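Scroll down for the structure; my scribbles are underneath it.
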Amino acid sequence: MVKLVLFHKADSIYEDEPDVVYEFPRRYLKAVEEAVGDWVVYFEPVKSGPRGYFAVAKIEQVIAKPGVDGRFLALIESRRFLPFDREVPRLLNGRPLETSMTQPDGSPKRGVPHSWP
């Protein structure tokens, strides 16, 4: 079973509708195809806002985006987008929630957001 996190921001240049469709480039095609039929987690990038992890969804299928070479759409299964009651922050007490994003001293690894409003 694949574990996939989809990055989404409200002002995206892509035609994403998190509860319906997620647009992505070819470089992620294999990973998203492997997630068909599985649940994924939505994450808001640090430069886009404070939400962190905010929903889960189930990918029904992947198709090529009509009329756009190299772009694809992950279609979200109907009624299988579930926003969290509370967003899950990137950091808790200054430390990432995921151990894989944490240095041995507990600080965030480089590239991990360093603040939480």
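Chain labels follow the order of the structure tokens: the first chain is A, the next B, and so on; residue numbering restarts at 1 in every chain, and ligands are counted from 1 in their shown order.
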
Exercise for the section: Based on DSSP run over this structure's backbone, return all residues of segment 7-114 of chain A in alpha helix (DSSP H), as a PyMOL selection string. Expected result: chain A and resi 29-34

Handout entry: Exercise: Phe81 of chain A partners within 6 Å, only C-alpha atoms, chain neighbours under 6 positions left out, as a VMD selection string
Key = chain A and resid 19 56 to 57

Just write the chosen residues, C-alpha atoms, as a PDB file, in the first residue's frame.
```pdb
ATOM      1  CA  ASP A  19     -12.535  17.160  -3.217  1.00  0.00           C
ATOM      2  CA  VAL A  56      -7.649  12.879   3.356  1.00  0.00           C
ATOM      3  CA  ALA A  57      -9.091  11.641   0.065  1.00  0.00           C
TER       4      ALA A  57
END
```

Problem - Nearby residues (only C-alpha atoms) at most 10 Å from Lys65 of chain A, same-chain spacing under 4 positions excluded, as a PyMOL selection string - result: chain A and resi 23-25+69-74

Residue selection dump (N, CA and C atoms) as a PDB file, in the first residue's frame:
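Generated output (out-v9.pdb):
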```pdb
ATOM      1  N   GLU A  23      -4.352  18.023  -9.872  1.00  0.00           N
ATOM      2  CA  GLU A  23      -3.502  18.081 -11.067  1.00  0.00           C
ATOM      3  C   GLU A  23      -2.038  17.957 -10.677  1.00  0.00           C
ATOM      4  N   PHE A  24      -1.266  17.235 -11.508  1.00  0.00           N
ATOM      5  CA  PHE A  24       0.155  17.043 -11.202  1.00  0.00           C
ATOM      6  C   PHE A  24       0.948  16.786 -12.483  1.00  0.00           C
ATOM      7  N   PRO A  25       2.281  17.002 -12.433  1.00  0.00           N
ATOM      8  CA  PRO A  25       3.141  16.772 -13.601  1.00  0.00           C
ATOM      9  C   PRO A  25       3.548  15.303 -13.728  1.00  0.00           C
ATOM     10  N   ASP A  69      -0.072  18.519 -22.560  1.00  0.00           N
ATOM     11  CA  ASP A  69       0.953  17.484 -22.580  1.00  0.00           C
ATOM     12  C   ASP A  69       1.738  17.466 -21.264  1.00  0.00           C
ATOM     13  N   GLY A  70       1.929  16.271 -20.719  1.00  0.00           N
ATOM     14  CA  GLY A  70       2.752  16.119 -19.531  1.00  0.00           C
ATOM     15  C   GLY A  70       2.060  16.431 -18.214  1.00  0.00           C
ATOM     16  N   ARG A  71       0.760  16.675 -18.230  1.00  0.00           N
ATOM     17  CA  ARG A  71      -0.009  16.953 -17.016  1.00  0.00           C
ATOM     18  C   ARG A  71      -1.050  15.853 -16.833  1.00  0.00           C
ATOM     19  N   PHE A  72      -1.353  15.534 -15.586  1.00  0.00           N
ATOM     20  CA  PHE A  72      -2.279  14.451 -15.274  1.00  0.00           C
ATOM     21  C   PHE A  72      -3.240  14.891 -14.188  1.00  0.00           C
ATOM     22  N   LEU A  73      -4.357  14.165 -14.081  1.00  0.00           N
ATOM     23  CA  LEU A  73      -5.373  14.453 -13.082  1.00  0.00           C
ATOM     24  C   LEU A  73      -5.643  13.203 -12.257  1.00  0.00           C
ATOM     25  N   ALA A  74      -5.576  13.350 -10.955  1.00  0.00           N
ATOM     26  CA  ALA A  74      -6.014  12.292 -10.046  1.00  0.00           C
ATOM     27  C   ALA A  74      -7.461  12.619  -9.712  1.00  0.00           C
TER      28      ALA A  74
END
```

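For the pair atom CA of Ile59 of chain A and atom CA of Phe84 of chain A, the interatomic distance is 17.2 Å.
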
Handout entry: Residue with smallest distance to Asp38 of chain A - pool A:Lys58, A:Asp105, A:Asp11, A:Arg90, counting only C-alpha atoms
Key =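 The answer is A:Lys58, which sits nearest to Asp38 of chain A.
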
Problem - Length of the atom CA of Pro89 of chain A to atom CA of Glu44 of chain A vector [Å] - result: 9.9 Å

Exercise for the section: Considering only C-alpha atoms, state which residue in the set A:Gln103, A:Ser78, A:Ser12, A:Gln61 is at the smallest distance from Pro45 of chain A. Expected result: A:Ser12

Practice task
Considering only C-alpha atoms, state which residue in the set A:Val5, A:Phe54, A:Gly67, A:Ile13 is at the smallest distance from Tyr28 of chain A.
Solution key: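 Using only C-alpha atoms, Tyr28 of chain A sits closest to A:Val5.
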
Exercise for the section: Find the residue from A:Val20, A:Arg51, A:Pro66, A:Leu75 that sits nearest to Val32 of chain A; use only C-alpha atoms when measuring. Expected result: A:Leu75

Exercise for the section: Mind giving me the straight-line distance from atom CA of Val41 of chain A to atom CA of Pro83 of chain A in Å, one decimal? Expected result: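 A separation of 9.8 Å between them.
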
Practice task
Please return as a PyMOL selection string: the residues of segment 18-78 of chain A that backbone DSSP assigns to strand (DSSP E).
Solution key: chain A and resi 21-25+39-43+53-64+71-78
